[in-house]
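Notes follow once the structure below has been shown.
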Amino acid sequence: MDEADDDEAPESELDPPPRDATAPEVSPLRISLYGREGERRLSRSFNAVRLSKSQRPDLVAARGKPLIIYLNHPSWWDPLICMQIAGQFFPDRRHYGPVDAGLLSSHRFFARMGFFGVDPVDPRSARRLLAIAQEILSRPDAALWIPAEGRLTDPRERPVRLRSGIGHLASRSRQAVLLPLALEVPFWEAPLPEALARFGEEIPAGDVGLRASDWTTVLEDRLESALEALAAESLAHDPSRFDILLAGGGAEAGGISDAWRRVKTLFRG
């Protein structure tokens with residue numbers, strides 16, 4: 001989303017939206033097929049995909065309202081991790097998200113899965129994203145997933161800085177519920193990394209009269225709080241604080257992994 005700091009739209013609202021500013025058509029079959037492939041990739045590459053038990057979205061309060069799930073962007077794996085969360089927590093919603101336009105041009109099947117292209121170096125792209133997002137959020141069963149930092153970042157980087165487009169979107173989304181999502185991919189005891197996620201406190205958009213820049217600040221604070229809480233849970237290396245969404249290559253492993261645990265036990269006395 002755009003980098004502008006003012007409270008005006010990225011381009012004049014009097015201009016007509018770009019002709020290609022329409023939400024993609026979603027193919028449930030395509031999502032199902034790729035979802036299974038995504039599960040295989042995650043299970044081979046991670047010890048487990050885990051979601052914190054400490055904070056969960058209020059699904060009753062969000063019923064009948066579109067969701068904006070905005071998140072940090074620590075790894076290449078984020079879309080697949082989000083697909084796992086989407087399938088298990090929001091199975092009745094239609095899911096959408098922006099991706100790099102270059103990726104979409106070379107992998108057109110992503111469009112049938114709800115992805116739409118954004119060019120980060122084209123200033124007109126911010127206006128196109130806003131138009132598509134508003135069309136998506138007119139649907140009460142929609143969920144829009146936005147990596148709001150706009151780039152790969154370390155999850156411990158502070159302060160959290162979001163691109164200003166998320167504030168513009170929040171200021172125009174009267175019915176939506178905004179939901180921060182913190183992600184990390186740390187190593188614990190297993191040879192494979194963990195994929196950790198934690199929701200933050202949801203924010204009803206409503207007609208609160210905040211300017212776009214004020215919204216951006218609020219959303220940054222909420223995401224940073226979720227990241228701080230997830231960092232504390234990650235540092236504790238305590239699997240009991242998380243539910244397993246997907247068991248991976250080492251979550252129930254035996255053989256070498258069991259032997260390695262016995263060696264560590266000996267060293268620890």
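Letters for chains follow the order of the structure tokens (A, B, ...), residue numbers begin at 1 for each chain, and ligand numbers begin at 1 in the order shown.
The residue set within 7 Å of segment 213-228 of chain A, counting only C-alpha atoms and dropping same-chain residues fewer than 6 places from it, reads Asp5, Asp6, Asp7, Pro155, Val160, Arg161, Leu162, Ser164, Ile166, Gly167, Ala170, Ser171, Pro180, Leu181, Ala182, Arg198, Phe199 and Gly200 of chain A.
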For the residues in the current selection, export C-alpha atoms as a PDB file, in the first residue's frame.
```
ATOM      1  CA  ASP A   5       1.736  10.424   4.979  1.00  0.00           C
ATOM      2  CA  ASP A   6      -1.182  12.788   4.362  1.00  0.00           C
ATOM      3  CA  ASP A   7      -4.843  12.087   5.016  1.00  0.00           C
ATOM      4  CA  PRO A 155       9.212  -9.595  13.884  1.00  0.00           C
ATOM      5  CA  VAL A 160       6.181  -1.278  13.954  1.00  0.00           C
ATOM      6  CA  ARG A 161       5.612   0.820  10.848  1.00  0.00           C
ATOM      7  CA  LEU A 162       2.688   0.143   8.522  1.00  0.00           C
ATOM      8  CA  SER A 164      -0.364   4.425   5.207  1.00  0.00           C
ATOM      9  CA  ILE A 166      -4.084   0.512   5.645  1.00  0.00           C
ATOM     10  CA  GLY A 167      -5.159   3.693   7.448  1.00  0.00           C
ATOM     11  CA  ALA A 170      -9.765   1.589   7.713  1.00  0.00           C
ATOM     12  CA  SER A 171     -11.105   5.160   7.515  1.00  0.00           C
ATOM     13  CA  PRO A 180      -4.198  -7.832  13.887  1.00  0.00           C
ATOM     14  CA  LEU A 181      -2.229 -11.043  13.386  1.00  0.00           C
ATOM     15  CA  ALA A 182       1.353 -11.511  14.591  1.00  0.00           C
ATOM     16  CA  ARG A 198      -1.179 -14.932  17.603  1.00  0.00           C
ATOM     17  CA  PHE A 199      -4.227 -12.763  17.076  1.00  0.00           C
ATOM     18  CA  GLY A 200      -4.437  -9.321  18.595  1.00  0.00           C
TER      19      GLY A 200
END
```
Near Glu149 of chain A, within 8 Å and counting only C-alpha atoms, which residues show up once chain neighbours fewer than 4 positions away are dropped, as a PyMOL selection string? chain A and resi 71-73+153+161-163
Backbone DSSP call of helix (DSSP H, G or I) for segment 72-136 of chain A, listed as an NGL selection string: :A and (78-89 or 101-106 or 108-113 or 124-136)
Run DSSP on the backbone and give me the residues of segment 9-244 of chain A it puts in strand (DSSP E), as number ranges by chain. A: 48-52, 67-71, 94-100, 115-118, 142-147, 177-184, 194-199, 203-204, 242-244
Could you save those same residues with N, CA and C atoms as a compact mmCIF listing (two decimals), in the first residue's frame?
```
# COMPACT_ATOMS: atom_id res chain seq x y z
N ALA A 48 5.82 -27.59 13.40
CA ALA A 48 4.37 -27.47 13.58
C ALA A 48 3.96 -26.04 13.27
N VAL A 49 2.71 -25.88 12.87
CA VAL A 49 2.08 -24.56 12.77
C VAL A 49 1.23 -24.40 14.02
N ARG A 50 1.51 -23.37 14.82
CA ARG A 50 0.89 -23.22 16.13
C ARG A 50 0.22 -21.86 16.25
N LEU A 51 -0.93 -21.85 16.93
CA LEU A 51 -1.66 -20.61 17.19
C LEU A 51 -1.82 -20.43 18.69
N SER A 52 -1.46 -19.25 19.17
CA SER A 52 -1.53 -18.96 20.60
C SER A 52 -2.94 -19.15 21.14
N LEU A 67 -14.11 -8.82 7.34
CA LEU A 67 -12.89 -8.79 8.16
C LEU A 67 -11.73 -8.21 7.37
N ILE A 68 -10.93 -7.38 8.04
CA ILE A 68 -9.62 -6.98 7.53
C ILE A 68 -8.60 -7.57 8.48
N ILE A 69 -7.89 -8.59 8.05
CA ILE A 69 -6.85 -9.22 8.88
C ILE A 69 -5.51 -8.67 8.40
N TYR A 70 -4.90 -7.84 9.22
CA TYR A 70 -3.63 -7.22 8.81
C TYR A 70 -2.51 -7.81 9.66
N LEU A 71 -1.36 -8.04 9.05
CA LEU A 71 -0.31 -8.82 9.68
C LEU A 71 1.07 -8.29 9.35
N ARG A 94 -15.14 -15.86 2.24
CA ARG A 94 -14.35 -15.78 1.01
C ARG A 94 -13.12 -14.94 1.30
N HIS A 95 -11.95 -15.47 0.96
CA HIS A 95 -10.70 -14.85 1.37
C HIS A 95 -9.98 -14.22 0.17
N TYR A 96 -9.39 -13.04 0.42
CA TYR A 96 -8.70 -12.28 -0.62
C TYR A 96 -7.43 -11.69 -0.04
N GLY A 97 -6.47 -11.38 -0.91
CA GLY A 97 -5.26 -10.72 -0.45
C GLY A 97 -4.43 -10.21 -1.60
N PRO A 98 -3.69 -9.11 -1.40
CA PRO A 98 -2.81 -8.58 -2.43
C PRO A 98 -1.49 -9.34 -2.50
N VAL A 99 -0.97 -9.49 -3.73
CA VAL A 99 0.36 -10.06 -3.94
C VAL A 99 1.07 -9.19 -4.98
N ASP A 100 2.37 -9.37 -5.08
CA ASP A 100 3.15 -8.64 -6.08
C ASP A 100 2.62 -8.94 -7.48
N PHE A 115 -6.30 -13.91 -4.86
CA PHE A 115 -5.20 -12.94 -4.85
C PHE A 115 -5.36 -11.96 -6.01
N PHE A 116 -4.97 -10.71 -5.75
CA PHE A 116 -4.96 -9.70 -6.81
C PHE A 116 -3.63 -8.95 -6.77
N GLY A 117 -3.18 -8.51 -7.94
CA GLY A 117 -1.84 -7.97 -8.08
C GLY A 117 -1.72 -6.50 -7.68
N VAL A 118 -0.59 -6.17 -7.04
CA VAL A 118 -0.25 -4.80 -6.67
C VAL A 118 1.20 -4.56 -7.07
N ALA A 142 -16.73 -11.56 3.51
CA ALA A 142 -15.37 -11.46 2.97
C ALA A 142 -14.34 -11.31 4.09
N ALA A 143 -13.13 -11.80 3.81
CA ALA A 143 -11.98 -11.57 4.69
C ALA A 143 -10.82 -11.12 3.80
N LEU A 144 -10.30 -9.95 4.08
CA LEU A 144 -9.19 -9.38 3.31
C LEU A 144 -7.92 -9.45 4.16
N TRP A 145 -6.90 -10.18 3.67
CA TRP A 145 -5.64 -10.38 4.39
C TRP A 145 -4.60 -9.43 3.81
N ILE A 146 -4.02 -8.58 4.66
CA ILE A 146 -3.09 -7.56 4.18
C ILE A 146 -1.78 -7.61 4.98
N PRO A 147 -0.64 -7.91 4.33
CA PRO A 147 0.66 -7.75 4.98
C PRO A 147 1.01 -6.26 5.01
N VAL A 177 -14.49 -5.26 10.58
CA VAL A 177 -13.76 -5.50 11.83
C VAL A 177 -12.30 -5.72 11.45
N LEU A 178 -11.41 -4.98 12.08
CA LEU A 178 -9.99 -5.10 11.82
C LEU A 178 -9.36 -6.01 12.87
N LEU A 179 -8.52 -6.92 12.41
CA LEU A 179 -7.98 -7.95 13.29
C LEU A 179 -6.48 -8.07 13.07
N PRO A 180 -5.65 -7.67 14.04
CA PRO A 180 -4.20 -7.83 13.89
C PRO A 180 -3.78 -9.29 14.06
N LEU A 181 -2.76 -9.68 13.31
CA LEU A 181 -2.23 -11.04 13.39
C LEU A 181 -0.71 -10.97 13.38
N ALA A 182 -0.10 -11.50 14.45
CA ALA A 182 1.35 -11.51 14.59
C ALA A 182 1.90 -12.88 14.19
N LEU A 183 2.98 -12.89 13.43
CA LEU A 183 3.60 -14.13 12.96
C LEU A 183 5.09 -14.15 13.32
N GLU A 184 5.59 -15.35 13.62
CA GLU A 184 7.03 -15.58 13.84
C GLU A 184 7.39 -16.94 13.30
N GLU A 194 9.48 -23.55 13.98
CA GLU A 194 8.06 -23.47 14.33
C GLU A 194 7.43 -22.31 13.54
N ALA A 195 6.19 -22.47 13.15
CA ALA A 195 5.41 -21.36 12.59
C ALA A 195 4.41 -20.93 13.66
N LEU A 196 4.64 -19.77 14.25
CA LEU A 196 3.84 -19.30 15.38
C LEU A 196 2.96 -18.13 14.94
N ALA A 197 1.75 -18.10 15.47
CA ALA A 197 0.81 -17.02 15.16
C ALA A 197 0.04 -16.66 16.42
N ARG A 198 -0.35 -15.40 16.48
CA ARG A 198 -1.18 -14.93 17.60
C ARG A 198 -2.05 -13.78 17.11
N PHE A 199 -3.34 -13.87 17.38
CA PHE A 199 -4.23 -12.76 17.08
C PHE A 199 -4.07 -11.67 18.12
N ILE A 203 -10.68 -4.72 16.27
CA ILE A 203 -11.03 -3.31 16.29
C ILE A 203 -12.22 -3.10 15.35
N PRO A 204 -13.39 -2.77 15.86
CA PRO A 204 -14.51 -2.45 14.98
C PRO A 204 -14.28 -1.09 14.33
N PHE A 242 0.19 -23.04 22.99
CA PHE A 242 -0.31 -22.98 21.62
C PHE A 242 -1.16 -24.19 21.28
N ASP A 243 -2.10 -23.99 20.39
CA ASP A 243 -2.79 -25.10 19.73
C ASP A 243 -2.05 -25.42 18.44
N ILE A 244 -1.96 -26.70 18.12
CA ILE A 244 -1.34 -27.11 16.87
C ILE A 244 -2.39 -27.10 15.76
```
With distances taken over only C-alpha atoms, which residue among A:Lys53, A:Asp78, A:Pro91, A:Ser138 lies nearest Asp238 of chain A? A:Lys53
Could you pull the residues within 6 Å of Ile132 of chain A, counting only C-alpha atoms, minus those fewer than 6 positions along the same chain, as a PyMOL selection string? chain A and resi 21-23
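Distances here use only C-alpha atoms; by that measure, the residue among A:Cys82, A:Ala236, A:Ala231, A:Val60 closest to Glu157 of chain A is A:Ala231.
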Excluding same-chain residues fewer than 4 positions from Arg172 of chain A, what lies within 9 Å of it counting only C-alpha atoms, as a CSV table (one decimal) with C-alpha atoms, in the first residue's frame?
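Final file, out.csv:
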```
chain,number,residue,atom,x,y,z
A,134,GLN,CA,-13.6,-1.5,-0.9
A,167,GLY,CA,-5.2,3.7,7.4
A,168,HIS,CA,-6.9,5.0,4.3
A,205,ALA,CA,-14.1,0.2,12.3
A,207,ASP,CA,-18.0,5.6,12.1
A,212,ALA,CA,-6.3,7.9,7.9
```
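In this structure, atom CA of Gly102 of chain A sits 25.5 Å away from atom CA of Val185 of chain A.
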